[in-house]
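Student: Here you go, this is model35.txt (compact mmCIF, C-alpha atoms and all ligand atoms).
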```
# COMPACT_ATOMS: atom_id res chain seq x y z
CA MET A 26 33.07 23.59 7.47
CA GLY A 27 33.01 23.91 11.21
CA LYS A 28 29.28 24.59 11.24
CA THR A 29 27.09 22.99 13.87
CA LEU A 30 24.18 21.01 12.50
CA TYR A 31 21.03 20.72 14.58
CA TYR A 32 18.50 17.95 14.05
CA MET A 33 15.38 16.63 15.68
CA VAL A 34 13.95 13.11 15.55
CA HIS A 35 10.23 13.54 15.24
CA TYR A 36 9.15 9.94 14.86
CA ALA A 37 10.52 6.56 13.98
CA TYR A 38 8.83 3.81 12.01
CA LEU A 39 10.36 0.49 12.72
CA PRO A 40 9.52 -3.18 12.29
CA GLN A 41 8.15 -4.40 15.62
CA ILE A 42 11.19 -6.54 16.43
CA ILE A 43 13.59 -3.60 15.86
CA CYS A 44 11.32 -1.30 17.83
CA HIS A 45 11.40 -3.71 20.76
CA SER A 46 15.16 -4.06 20.49
CA VAL A 47 16.01 -0.34 20.53
CA GLY A 48 13.05 0.57 22.75
CA GLY A 49 14.17 -1.49 25.73
CA PHE A 50 11.21 -3.89 25.42
CA LEU A 51 11.38 -7.67 25.60
CA GLU A 52 12.10 -8.92 22.10
CA SER A 53 9.85 -11.97 22.29
CA PHE A 54 6.26 -11.61 21.16
CA SER A 55 5.30 -14.47 23.48
CA ALA A 56 6.06 -12.22 26.48
CA ASN A 57 3.18 -11.42 28.81
CA ARG A 58 3.27 -7.70 27.91
CA PHE A 59 4.35 -7.99 24.30
CA CYS A 60 3.03 -4.66 23.01
CA HIS A 61 5.17 -1.51 22.97
CA ILE A 62 2.08 0.71 22.80
CA CYS A 63 -0.13 -0.70 25.53
CA LEU A 64 0.05 -2.85 28.64
CA VAL A 65 -2.39 -5.54 27.56
CA HIS A 66 -1.66 -9.06 28.80
CA LYS A 67 -1.22 -11.64 26.04
CA GLN A 68 -4.29 -13.56 27.20
CA ASN A 69 -6.50 -10.44 27.19
CA ALA A 70 -5.24 -9.55 23.71
CA GLN A 71 -7.30 -12.49 22.46
CA HIS A 72 -10.61 -10.80 23.27
CA ILE A 73 -9.94 -7.06 23.68
CA PHE A 74 -10.01 -5.39 20.27
CA ASN A 75 -10.70 -1.81 21.29
CA ASP A 76 -7.66 0.09 22.46
CA ASP A 77 -9.84 2.45 24.52
CA LEU A 78 -10.15 -0.51 26.91
CA VAL A 79 -6.43 -1.00 27.55
CA GLU A 80 -3.89 1.07 29.46
CA LEU A 81 -1.47 2.73 27.09
CA ARG A 82 2.24 3.03 27.80
CA ASN A 83 3.43 6.57 28.54
CA ARG A 84 6.50 8.35 29.90
CA ASP A 85 5.40 7.87 33.53
CA ASN A 86 4.61 4.15 33.54
CA TYR A 87 7.60 3.47 31.25
CA SER A 88 10.06 5.03 33.75
CA GLN A 89 8.30 3.26 36.63
CA HIS A 90 8.68 -0.06 34.82
CA VAL A 91 12.36 0.63 34.12
CA GLU A 92 12.90 1.23 37.84
CA LEU A 93 10.85 -1.83 38.77
CA ASN A 94 13.15 -3.97 36.60
CA ASN A 95 10.70 -6.84 36.30
CA PRO A 96 10.55 -7.68 32.54
CA PRO A 97 8.10 -10.63 32.81
CA LEU A 98 5.61 -8.33 34.54
CA THR A 99 6.13 -5.10 32.57
CA GLY A 100 7.65 -6.17 29.24
CA ILE A 101 10.47 -3.64 29.71
CA LYS A 102 14.03 -4.76 30.32
CA GLU A 103 15.96 -1.46 30.14
CA ASP A 104 15.64 2.24 29.39
CA SER A 105 15.88 3.05 25.71
CA CYS A 106 18.86 5.08 24.52
CA LEU A 107 16.47 6.94 22.19
CA ASN A 108 14.78 8.52 25.22
CA SER A 109 17.87 10.69 25.72
CA LEU A 110 16.93 12.61 22.54
CA ASN A 111 15.16 15.90 22.98
CA PHE A 112 11.44 15.81 22.09
CA PHE A 113 11.46 12.03 21.61
CA HIS A 114 10.12 9.22 23.72
CA ILE A 115 9.80 5.61 22.68
CA THR A 116 6.18 5.42 23.89
CA GLU A 117 5.09 8.53 21.97
CA ASN A 118 7.07 8.82 18.76
CA VAL A 119 7.12 5.32 17.27
CA CYS A 120 4.70 4.41 14.53
CA GLY A 121 3.70 0.91 13.43
CA ASP A 122 4.72 -0.66 10.16
CA VAL A 123 1.75 -1.76 8.08
CA MET A 124 3.93 -3.62 5.60
CA HIS A 125 5.32 -6.10 8.09
CA ASP A 126 2.15 -6.29 10.19
CA VAL A 127 -0.43 -6.71 7.45
CA LEU A 128 1.19 -7.63 4.14
CA GLU A 129 3.74 -10.00 5.66
CA GLY A 130 1.80 -11.04 8.75
CA VAL A 131 -1.97 -10.94 9.01
CA ALA A 132 -2.81 -11.13 5.29
CA PRO A 133 -0.80 -14.31 4.44
CA LEU A 134 -2.15 -16.03 7.54
CA GLU A 135 -5.77 -15.21 6.79
CA LEU A 136 -5.45 -16.00 3.10
CA LYS A 137 -4.00 -19.39 3.98
CA LEU A 138 -6.86 -20.18 6.36
CA MET A 139 -9.53 -18.90 3.98
CA LEU A 140 -8.20 -20.72 0.91
CA ARG A 141 -7.80 -23.95 2.88
CA HIS A 142 -11.45 -23.63 3.93
CA PHE A 143 -12.68 -22.98 0.37
CA VAL A 144 -10.54 -25.71 -1.21
CA TYR A 145 -10.81 -28.52 1.36
CA ASP A 146 -13.89 -27.83 3.50
CA GLU A 147 -16.35 -26.26 1.07
CA GLN A 148 -14.56 -27.63 -2.06
CA LEU A 149 -15.54 -24.60 -4.14
CA PHE A 150 -12.47 -24.82 -6.36
CA THR A 151 -9.15 -26.63 -6.49
CA GLU A 152 -5.62 -25.42 -5.91
CA ASP A 153 -4.89 -25.95 -9.62
CA GLN A 154 -7.85 -23.81 -10.65
CA LEU A 155 -6.67 -21.04 -8.33
CA ASN A 156 -3.11 -21.15 -9.67
CA SER A 157 -4.30 -21.26 -13.25
CA ARG A 158 -6.28 -18.07 -12.68
CA ILE A 159 -3.40 -16.40 -10.81
CA ALA A 160 -1.11 -17.15 -13.76
CA GLY A 161 -3.55 -16.08 -16.47
CA PHE A 162 -5.08 -12.90 -15.04
CA ASP A 163 -4.36 -9.48 -16.54
CA TYR A 164 -3.06 -7.42 -13.60
CA GLY A 165 -2.39 -4.34 -15.74
CA LEU A 166 0.85 -2.78 -16.84
CA ASN A 167 1.68 -1.16 -13.51
CA ASN A 168 1.15 -4.36 -11.52
CA MET A 169 3.15 -6.71 -13.72
CA LYS A 170 6.25 -6.47 -11.52
CA SER A 171 4.11 -7.48 -8.56
CA LYS A 172 2.30 -10.36 -10.22
CA PRO A 173 1.52 -12.94 -7.49
CA SER A 174 3.35 -16.25 -7.49
CA ALA A 175 1.61 -19.62 -7.52
CA ILE A 176 0.27 -20.88 -4.20
CA ILE A 177 1.81 -24.27 -3.57
CA HIS A 178 0.63 -26.92 -1.12
CA LEU A 179 -2.08 -25.14 0.84
CA THR A 180 -1.68 -27.67 3.63
CA SER A 181 1.93 -26.60 4.26
CA GLU A 182 2.85 -24.07 6.94
CA ASN A 183 3.69 -21.24 4.51
CA PRO A 184 1.88 -21.81 1.20
CA ILE A 185 1.29 -18.17 0.19
CA ARG A 186 4.97 -17.19 -0.39
CA GLN A 187 4.48 -13.67 -1.73
CA ASN A 188 6.59 -10.64 -1.01
CA ALA A 189 4.84 -7.54 0.31
CA SER A 190 4.02 -5.95 -3.07
CA GLN A 191 2.85 -9.31 -4.48
CA MET A 192 0.61 -9.74 -1.45
CA TRP A 193 -0.90 -6.29 -1.96
CA CYS A 194 -1.53 -7.16 -5.60
CA LEU A 195 -3.10 -10.49 -4.64
CA LEU A 196 -5.40 -8.79 -2.13
CA LEU A 197 -6.49 -6.34 -4.83
CA PHE A 198 -7.33 -8.91 -7.47
CA LEU A 199 -8.34 -12.00 -5.49
CA PRO A 200 -12.08 -11.11 -5.76
CA PHE A 201 -11.79 -11.37 -9.55
CA LEU A 202 -9.82 -14.61 -9.30
CA ILE A 203 -12.16 -16.60 -7.05
CA GLY A 204 -15.10 -14.32 -6.25
CA ASP A 205 -17.40 -16.10 -8.74
CA PHE A 206 -16.97 -19.41 -6.86
CA ILE A 207 -18.16 -17.94 -3.59
CA ASP A 208 -21.71 -17.15 -2.48
CA GLU A 209 -22.49 -13.64 -1.36
CA GLY A 210 -22.66 -13.50 2.41
CA ASN A 211 -20.09 -16.25 2.95
CA LYS A 212 -18.60 -15.49 6.39
CA HIS A 213 -15.03 -16.37 5.42
CA TRP A 214 -15.33 -14.06 2.43
CA GLN A 215 -16.80 -11.36 4.68
CA LEU A 216 -13.64 -11.58 6.78
CA PHE A 217 -11.54 -11.09 3.66
CA LEU A 218 -13.64 -8.09 2.61
CA LEU A 219 -13.19 -6.56 6.05
CA LEU A 220 -9.44 -6.96 5.64
CA ARG A 221 -9.69 -5.26 2.24
CA GLN A 222 -11.56 -2.35 3.78
CA ILE A 223 -8.90 -2.06 6.47
CA CYS A 224 -6.16 -2.10 3.81
CA ASP A 225 -7.97 0.62 1.84
CA ILE A 226 -7.63 2.91 4.84
CA ILE A 227 -4.18 2.03 6.14
CA PHE A 228 -2.59 2.34 2.68
CA ALA A 229 -4.45 5.55 1.82
CA PRO A 230 -2.24 8.57 1.11
CA VAL A 231 -4.58 10.80 3.09
CA ALA A 232 -5.65 10.45 6.71
CA THR A 233 -8.76 11.98 8.23
CA LYS A 234 -10.27 11.58 11.66
CA GLY A 235 -13.36 10.09 10.05
CA LEU A 236 -11.27 7.39 8.37
CA ALA A 237 -9.46 6.73 11.65
CA MET A 238 -12.76 6.16 13.46
CA LEU A 239 -13.96 3.87 10.68
CA LEU A 240 -10.69 1.94 10.87
CA LYS A 241 -11.10 1.48 14.61
CA GLN A 242 -14.53 -0.12 14.14
CA LEU A 243 -13.45 -2.22 11.14
CA VAL A 244 -10.59 -3.74 13.15
CA ILE A 245 -12.96 -4.61 16.00
CA ASP A 246 -15.41 -6.23 13.55
CA HIS A 247 -12.61 -8.03 11.72
CA HIS A 248 -10.98 -9.52 14.82
CA THR A 249 -14.34 -10.52 16.29
CA LEU A 250 -15.29 -12.35 13.10
CA PHE A 251 -11.86 -14.02 12.91
CA LYS A 252 -12.28 -15.41 16.43
CA SER A 253 -15.74 -16.73 15.58
CA LEU A 254 -14.52 -18.48 12.41
CA TYR A 255 -11.18 -19.97 13.37
CA ASP A 256 -10.29 -22.01 16.41
CA ARG A 257 -6.85 -20.51 16.78
CA PRO A 258 -5.35 -17.50 18.60
CA LEU A 259 -4.81 -14.12 17.03
CA ILE A 260 -1.17 -13.33 16.34
CA PRO A 261 0.52 -10.26 17.90
CA LYS A 262 0.30 -8.42 14.57
CA HIS A 263 -3.49 -8.64 14.83
CA HIS A 264 -3.18 -6.82 18.13
CA PHE A 265 -0.96 -4.06 16.70
CA MET A 266 -3.68 -3.33 14.12
CA MET A 267 -5.92 -2.33 17.01
CA HIS A 268 -3.72 0.76 17.57
CA TYR A 269 -3.58 1.87 13.93
CA TRP A 270 -6.44 4.33 14.19
CA ARG A 271 -4.65 6.13 17.03
CA MET A 272 -1.37 6.21 15.08
CA MET A 273 -3.24 7.60 12.10
CA VAL A 274 -4.49 10.48 14.24
CA TYR A 275 -1.01 11.10 15.72
CA PHE A 276 1.20 10.59 12.68
CA GLY A 277 -0.95 10.84 9.54
CA PRO A 278 -1.26 8.36 6.66
CA LEU A 279 0.23 5.02 7.70
CA GLY A 280 1.02 4.08 4.11
CA LYS A 281 3.63 6.85 4.07
CA LEU A 282 5.26 5.53 7.25
CA TRP A 283 6.07 1.99 6.27
CA CYS A 284 9.29 0.11 5.69
CA MET A 285 8.65 -0.76 2.04
CA ARG A 286 11.11 1.86 0.72
CA PHE A 287 13.80 0.77 3.19
CA GLU A 288 13.30 -2.85 2.17
CA GLY A 289 13.76 -1.75 -1.45
CA LYS A 290 17.03 -0.04 -0.50
CA HIS A 291 18.22 -3.15 1.36
CA ALA A 292 17.39 -5.56 -1.44
CA PRO A 293 20.50 -4.96 -3.65
CA LEU A 294 22.74 -4.97 -0.58
CA LYS A 295 21.31 -8.33 0.50
CA ARG A 296 21.90 -9.73 -2.98
CA GLN A 297 25.49 -8.45 -2.98
CA ALA A 298 26.12 -9.91 0.47
CA GLN A 299 25.25 -13.35 -0.88
CA VAL A 300 27.59 -13.19 -3.86
CA VAL A 301 30.72 -11.37 -2.64
CA CYS A 302 31.65 -14.21 -0.24
CA ASN A 303 33.33 -11.89 2.23
CA PHE A 304 33.63 -13.67 5.57
CA ILE A 305 35.85 -11.09 7.28
CA ASN A 306 34.19 -7.65 7.13
CA ILE A 307 30.99 -7.77 5.08
CA SER A 308 29.80 -4.37 6.39
CA LYS A 309 32.89 -2.59 5.05
CA THR A 310 32.59 -4.27 1.65
CA LEU A 311 28.91 -3.38 1.32
CA ALA A 312 29.51 0.21 2.45
CA PHE A 313 32.27 0.56 -0.17
CA LYS A 314 30.07 -0.89 -2.92
CA HIS A 315 27.23 1.39 -1.93
CA GLN A 316 29.49 4.45 -2.11
CA VAL A 317 30.79 3.45 -5.54
CA GLN A 318 27.23 3.00 -6.79
CA ALA A 319 26.18 6.36 -5.34
CA MET A 320 29.17 8.04 -6.99
CA PHE A 321 28.25 6.43 -10.32
CA ASN A 322 24.67 7.63 -10.05
CA TRP A 323 25.65 11.21 -9.29
CA LYS A 324 28.64 11.46 -11.62
CA LEU A 325 27.29 9.85 -14.75
CA GLY A 326 23.58 10.41 -14.35
CA SER A 327 21.67 13.57 -13.62
CA PRO A 328 19.43 13.35 -10.55
CA PHE A 329 16.81 15.20 -12.61
CA LYS A 330 17.08 12.96 -15.66
CA ASP A 331 14.24 10.65 -14.77
CA LYS A 332 11.65 13.27 -13.94
CA MET A 333 9.89 12.63 -17.22
CA THR A 334 10.62 10.08 -19.95
CA VAL A 335 8.58 10.06 -23.14
CA ALA A 336 8.84 7.01 -25.36
CA ASN A 337 8.02 7.35 -29.07
CA SER A 338 6.51 10.80 -29.00
CA PHE A 339 5.59 12.00 -32.50
CA PRO A 340 3.87 15.08 -33.96
CA VAL A 341 0.39 14.61 -35.41
CA LEU A 342 -2.32 16.87 -36.76
CA LEU A 343 -4.91 17.42 -34.06
CA GLY A 344 -7.68 16.98 -36.62
CA SER A 345 -6.59 13.38 -37.21
CA LEU A 346 -7.09 12.30 -33.58
CA LYS A 347 -10.22 10.71 -32.15
CA GLU A 348 -12.66 13.23 -30.63
CA ASP A 349 -10.59 16.01 -32.20
CA VAL A 350 -13.25 18.72 -31.87
CA CYS A 351 -13.60 18.21 -28.14
CA LEU A 352 -9.82 17.95 -27.71
CA ILE A 353 -9.22 21.23 -29.56
CA ASP A 354 -11.94 22.99 -27.53
CA ASN A 355 -10.30 21.78 -24.31
CA LEU A 356 -6.85 22.90 -25.46
CA LYS A 357 -8.22 26.33 -26.39
CA ALA A 358 -9.85 26.55 -22.96
CA ILE A 359 -6.43 26.33 -21.30
CA GLY A 360 -4.92 28.94 -23.58
CA ARG A 361 -3.35 26.89 -26.37
CA ASP A 362 -3.70 28.50 -29.79
CA VAL A 363 -4.57 25.39 -31.83
CA GLY A 364 -6.84 24.32 -34.69
CA GLN A 365 -7.60 21.28 -36.84
CA CYS A 366 -4.35 21.66 -38.74
CA SER A 367 -2.14 22.31 -35.71
CA SER A 368 0.62 19.86 -35.05
CA PHE A 369 0.92 18.52 -31.52
CA HIS A 370 3.19 15.90 -29.96
CA VAL A 371 1.35 12.84 -28.68
CA ALA A 372 2.72 9.67 -27.07
CA HIS A 373 1.45 6.18 -26.29
CA SER A 374 3.11 6.24 -22.90
CA VAL A 375 5.00 8.55 -20.60
CA THR A 376 6.93 7.89 -17.39
CA VAL A 377 6.86 10.61 -14.75
CA PHE A 378 8.92 10.14 -11.58
CA GLY A 379 9.01 6.40 -12.23
CA GLN A 380 5.24 6.05 -12.72
CA ARG A 381 4.25 4.93 -16.20
CA TYR A 382 1.06 6.17 -17.86
CA GLN A 383 -0.23 4.83 -21.14
CA THR A 384 -3.31 5.18 -23.29
CA THR A 385 -6.29 3.14 -21.94
CA CYS A 386 -5.09 3.43 -18.33
CA ILE A 387 -7.57 4.79 -15.79
CA LEU A 388 -7.00 7.89 -13.69
CA PRO A 389 -9.09 9.06 -10.73
CA LEU A 390 -10.71 12.48 -11.08
CA ASN A 391 -12.68 14.54 -8.61
CA CYS A 392 -16.12 13.67 -7.32
CA ASN A 393 -19.24 14.57 -9.30
CA GLU A 394 -22.19 16.56 -7.95
CA ASN A 395 -23.49 13.39 -6.21
CA GLY A 396 -20.23 13.00 -4.29
CA GLU A 397 -19.28 9.92 -6.33
CA LEU A 398 -15.73 9.40 -7.52
CA VAL A 399 -15.38 9.83 -11.28
CA PHE A 400 -12.65 8.22 -13.38
CA GLY A 401 -11.09 8.99 -16.73
CA GLU A 402 -9.88 6.58 -19.42
CA VAL A 403 -6.81 8.00 -21.12
CA MET A 404 -7.35 8.49 -24.87
CA HIS A 405 -4.46 10.77 -25.76
CA ILE A 406 -1.26 11.69 -23.91
CA LEU A 407 0.15 15.12 -24.72
CA PRO A 408 3.58 15.57 -23.10
CA GLU A 409 4.88 19.10 -22.70
CA SER A 410 8.59 18.53 -22.05
CA GLU A 411 9.50 22.21 -21.79
CA ASN A 412 7.54 22.69 -18.56
CA LEU A 413 7.62 19.06 -17.35
CA ASN A 414 3.89 18.72 -17.72
CA VAL A 415 1.70 16.03 -19.24
CA LEU A 416 -1.81 16.62 -20.47
CA PHE A 417 -4.20 13.66 -20.48
CA PHE A 418 -7.27 13.71 -22.70
CA LEU A 419 -9.74 11.42 -20.98
CA ARG A 420 -13.09 9.78 -21.57
CA ILE A 421 -15.16 10.22 -18.42
CA LEU A 422 -16.26 7.02 -16.64
CA VAL A 423 -19.11 7.42 -14.17
CA PRO A 424 -19.77 4.95 -11.34
CA LYS A 425 -22.80 2.66 -11.70
CA PHE A 426 -22.62 0.88 -8.34
CA PHE A 427 -20.16 -0.46 -5.78
CA GLN A 428 -19.98 -4.25 -6.06
CA ASN A 429 -19.25 -5.25 -2.48
CA HIS A 430 -18.60 -8.91 -3.33
CA PHE A 431 -15.70 -7.89 -5.61
CA HIS A 432 -14.85 -4.81 -3.58
CA ALA A 433 -14.73 -2.80 -6.80
CA ILE A 434 -16.63 0.01 -8.51
CA ALA A 435 -18.65 -0.84 -11.62
CA VAL A 436 -18.29 2.04 -14.08
CA GLN A 437 -19.86 3.14 -17.34
CA ARG A 438 -18.23 4.87 -20.29
CA THR A 439 -19.78 8.20 -21.28
CA GLU A 440 -19.48 10.50 -24.27
CA ASP A 441 -18.04 13.24 -22.07
CA PHE A 442 -14.35 14.10 -22.29
CA LYS A 443 -11.91 16.10 -20.25
CA LEU A 444 -8.38 17.45 -20.53
CA ILE A 445 -6.40 17.39 -17.30
CA GLY A 446 -2.81 18.11 -16.35
CA ILE A 447 -0.84 15.55 -14.37
CA ARG A 448 -0.55 17.94 -11.42
CA ASP A 449 -4.35 18.14 -11.16
CA LEU A 450 -4.86 14.40 -10.60
CA ILE A 451 -6.13 13.48 -7.14
CA ASP A 452 -3.86 10.41 -7.12
CA PHE A 453 -0.78 9.64 -9.18
CA ARG A 454 -1.30 5.88 -9.53
CA PRO A 455 -2.94 4.74 -12.79
CA MET A 456 -5.33 1.79 -12.78
CA HIS A 457 -6.77 -0.34 -15.53
CA LEU A 458 -10.24 -1.55 -16.44
CA ILE A 459 -11.30 -5.03 -15.37
CA PHE A 460 -13.89 -6.67 -17.63
CA PHE A 461 -15.93 -9.17 -15.64
CA ASN A 462 -19.46 -10.61 -15.96
CA ASN A 463 -20.56 -8.07 -18.61
CA ASP A 464 -19.55 -5.18 -16.37
CA ILE A 465 -16.52 -2.95 -16.29
CA PHE A 466 -14.82 -2.49 -12.92
CA VAL A 467 -12.21 -0.23 -11.40
CA ASN A 468 -10.55 -1.25 -8.15
CA PRO A 469 -8.60 1.60 -6.52
CA ARG A 470 -5.63 0.47 -4.44
CA TYR A 471 -6.77 2.50 -1.45
CA GLU A 472 -9.34 4.95 -0.20
CA LEU A 473 -9.34 8.03 -2.44
CA VAL A 474 -10.49 10.99 -0.36
ZN ZN A 501 -1.11 -2.87 22.37
```
Can the structure from this file be put into structure tokens for me?

Tutor:
Amino acid sequence: MGKTLYYMVHYAYLPQIICHSVGGFLESFSANRFCHICLVHKQNAQHIFNDDLVELRNRDNYSQHVELNNPPLTGIKEDSCLNSLNFFHITENVCGDVMHDVLEGVAPLELKLMLRHFVYDEQLFTEDQLNSRIAGFDYGLNNMKSKPSAIIHLTSENPIRQNASQMWCLLLFLPFLIGDFIDEGNKHWQLFLLLRQICDIIFAPVATKGLAMLLKQLVIDHHTLFKSLYDRPLIPKHHFMMHYWRMMVYFGPLGKLWCMRFEGKHAPLKRQAQVVCNFINISKTLAFKHQVQAMFNWKLGSPFKDKMTVANSFPVLLGSLKEDVCLIDNLKAIGRDVGQCSSFHVAHSVTVFGQRYQTTCILPLNCNENGELVFGEVMHILPESENLNVLFFLRILVPKFFQNHFHAIAVQRTEDFKLIGIRDLIDFRPMHLIFFNNDIFVNPRYELV
């Protein structure tokens, strides 16, 4: 006790409205200078999609605008209290939030416009057909909690009605839901595919300068095509996308800097707030309940308990498993002393840090000699509880071609196999195979570098 703690705020990632509130900016997005990153006028934001062409906010012009005290002209109403922190300035250390901007802003809007066009203008399919396919599609085990809801009354103001993870899931699988109704080269579909490409980059767990440059161009192409297709203004969240490439260079992967986790933390508190009926001091009640829950978690549960959970693991003779010869050779290659009659624990599924893996799921491997991403289909799961490791015995899937219309990779099963530890995977998220039009597809959630 009595020690002094030192801390430093390196960056903040905030929903735009919160950022404007604590950053001293006008809180209305209909303001003339509505952006906290640049000084673009709201009318120019409708045709400038390259942020090299706008003046960015910085420490100097921010302090000048505070002194000027003319919010309609500058978009700044007061100095931010956060600027008193060492090494922090509101114009330099605030990142955007791709969840609110894209998954809860741009994507629902564009999906609404596109589906209205396909259903009512081109009459390619009906709302009932769409909802029937949404309800009946196999989204895979790991997407079941995010299964999209039905889209009701496309003519209404907000027909999409998905939360952020449902919207991400819908974006991923929409090509397999309605792609067969749509001709290749359809401009409205091209706009959707551009949005998918943008999402692949902004949700990627890795950021490179090359990806940032690609993102910059994709956003320009996307916004230009949107303006040519729809007779309506871009929303402010479209404009914020224009700065993503720069944030990616400054801060790193944007998918790691979003508010999704905070929203998950808020969700139980919001539910409790609705049911406790406290009209006097709701903050105190929620803080107390949160502390009780935290105490329960730490007292009765081990924080390390959920590192790895193996359901229904059982010992089997290695010689009785499929592709046993290859499996035994691979195990010997990593130093396990095993033979046909050796007993080994196998499992149908294993959960590691909350991520569930099961047989038949697809895992991304490294690139082959042609630089193409190779995948593996899990045949056997060999958990090693003593050192918190899981070995996956995989059938190698090689890419045949990238199907742009479905934004997915067509793959082919091979007779090659591989044993890989969970720590050697290039990405922790499992996928599943999609069988469509006599081909087998894999659709990664984001760019795998
Ligand atoms: Zn801006």

Student: Show me, as an mmCIF file with C-alpha atoms, in the coordinates of the input, the residues that have an atom within 12 Å of Gly235 of chain A when counting only C-alpha atoms, minus same-chain residues fewer than 6 positions from it.

Tutor:
```cif
data_model
loop_
_atom_site.group_PDB
_atom_site.id
_atom_site.type_symbol
_atom_site.label_atom_id
_atom_site.label_comp_id
_atom_site.auth_asym_id
_atom_site.auth_seq_id
_atom_site.Cartn_x
_atom_site.Cartn_y
_atom_site.Cartn_z
ATOM 1 C CA ILE A 226 -7.630 2.910 4.840
ATOM 2 C CA LYS A 241 -11.100 1.480 14.610
ATOM 3 C CA GLN A 242 -14.530 -0.120 14.140
ATOM 4 C CA TRP A 270 -6.440 4.330 14.190
ATOM 5 C CA ARG A 271 -4.650 6.130 17.030
ATOM 6 C CA MET A 273 -3.240 7.600 12.100
ATOM 7 C CA VAL A 274 -4.490 10.480 14.240
ATOM 8 C CA VAL A 474 -10.490 10.990 -0.360
#
```

Student: Give the answer as one residue: which of A:Glu135, A:Asp163, A:Asp225, A:Glu147 has the shortest atom-to-atom distance to Asn183 of chain A, using only C-alpha atoms?

Tutor: A:Glu135

Student: Would you mind listing the residues within 8 Å of ligand ZN 501 (chain A), counting all atoms listed in the file, as a list in words?

Tutor: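 Sorted by chain and then by number, the residues are Phe59, Cys60, His61, Ile62, Cys63, Leu64, Val65, Ala70, Asp76, Val79, Leu81, His264, Phe265, Met267 and His268 of chain A.
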
Student: Could you write out as AutoDock Vina command-line options the box around segment 410-423 of chain A (axis-aligned, all atoms listed in the file, 5 Å on each side), with centre and edge lengths in Å to one decimal?

Tutor:
```
--center_x -4.8 --center_y 14.9 --center_z -18.4 --size_x 38.6 --size_y 25.7 --size_z 18.5
```

Student: Point out the residue among A:Ile223, A:Cys392, A:Leu259, A:Leu179 with the least atom-to-atom distance to Asn156 of chain A, counting all atoms listed in the file.

Tutor: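 Smallest separation from Asn156 of chain A among the options: A:Leu179.
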
Student: Have a look at A:Leu98, A:Leu218, A:Met333, A:Cys194 and name the one nearest to Glu411 of chain A; count all atoms listed in the file.

Tutor: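 Answer, going by the shortest atom-to-atom distance: A:Met333.
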
Student: Between A:Asp208, A:Asp146, A:Asp246, A:Glu129, which has the minimum distance to Ser190 of chain A (counting only C-alpha atoms)?

Tutor: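 Using only C-alpha atoms, Ser190 of chain A sits closest to A:Glu129.
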
Student: Between A:Leu325, A:Val47, A:Leu138, A:Met404, single out the one closest to Glu182 of chain A, counting only C-alpha atoms.

Tutor: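 With only C-alpha atoms as the atom set, the closest residue is A:Leu138.
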
Student: Within 7 Å of Ile387 of chain A, counting only C-alpha atoms, which residues qualify if same-chain residues fewer than 6 places away don't, as a PyMOL selection string?

Tutor: chain A and resi 400-403+455-458

Student: Residues of segment 179-260 of chain A that approach segment 283-306 of chain A to 12 Å or less, counting only C-alpha atoms: could you list each one with the shortest pair of atoms and its distance in Å to one decimal, rows by chain and increasing residue number, as a Markdown table?

Tutor:
```
| residue | atom | partner | partner_atom | distance |
| --- | --- | --- | --- | --- |
| A:Asn188 | CA | A:Met285 | CA | 10.5 |
| A:Ala189 | CA | A:Met285 | CA | 8.0 |
| A:Ser190 | CA | A:Met285 | CA | 8.6 |
| A:Trp193 | CA | A:Met285 | CA | 11.7 |
| A:Ile227 | CA | A:Trp283 | CA | 10.3 |
| A:Phe228 | CA | A:Trp283 | CA | 9.4 |
| A:Ala229 | CA | A:Trp283 | CA | 12.0 |
| A:Pro230 | CA | A:Trp283 | CA | 11.8 |
```

Student: Distance atom CA of Glu103 of chain A-atom CA of Gly48 of chain A, one decimal place?

Tutor: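 Pair atom CA of Glu103 of chain A / atom CA of Gly48 of chain A returns 8.2 Å.
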
Student: Please indicate the distance in Å from atom CA of Cys106 of chain A to atom CA of His45 of chain A, rounded to one decimal place.

Tutor: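 Atom-to-atom, atom CA of Cys106 of chain A and atom CA of His45 of chain A are spaced 12.1 Å apart.
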
Student: Calculated over all atoms listed in the file, which of the candidates A:Val415, A:Glu472, A:Gln187, A:Gln437 has the smallest distance to Leu450 of chain A?

Tutor: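 Selected residue with least distance to Leu450 of chain A: A:Val415.
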
Student: In Å, how far is it from atom CA of Met272 of chain A to atom CA of Ser109 of chain A?

Tutor: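 Distance reported for this atom pair: 22.4 Å.
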
Student: Hey, what's within 10 Å of Thr180 of chain A if we count all atoms listed in the file and toss same-chain stuff fewer than 3 positions away? As JSON, numbers by chain, please?

Tutor: {"A": [137, 138, 140, 141, 145, 177, 183, 184]}

Student: Any chance you could tabulate, as CSV, the residues of segment 381-435 of chain A at most 10 Å from segment 344-363 of chain A with each one's nearest atom pair and distance in Å to one decimal, using all atoms listed in the file, in chain and rising number order?

Tutor:
```
residue,atom,partner,partner_atom,distance
A:Met404,CA,A:Lys347,CA,8.1
A:His405,CA,A:Leu346,CA,8.4
A:Leu416,CA,A:Leu356,CA,9.5
A:Phe418,CA,A:Leu352,CA,7.0
A:Leu419,CA,A:Leu352,CA,9.4
A:Arg420,CA,A:Glu348,CA,9.7
```
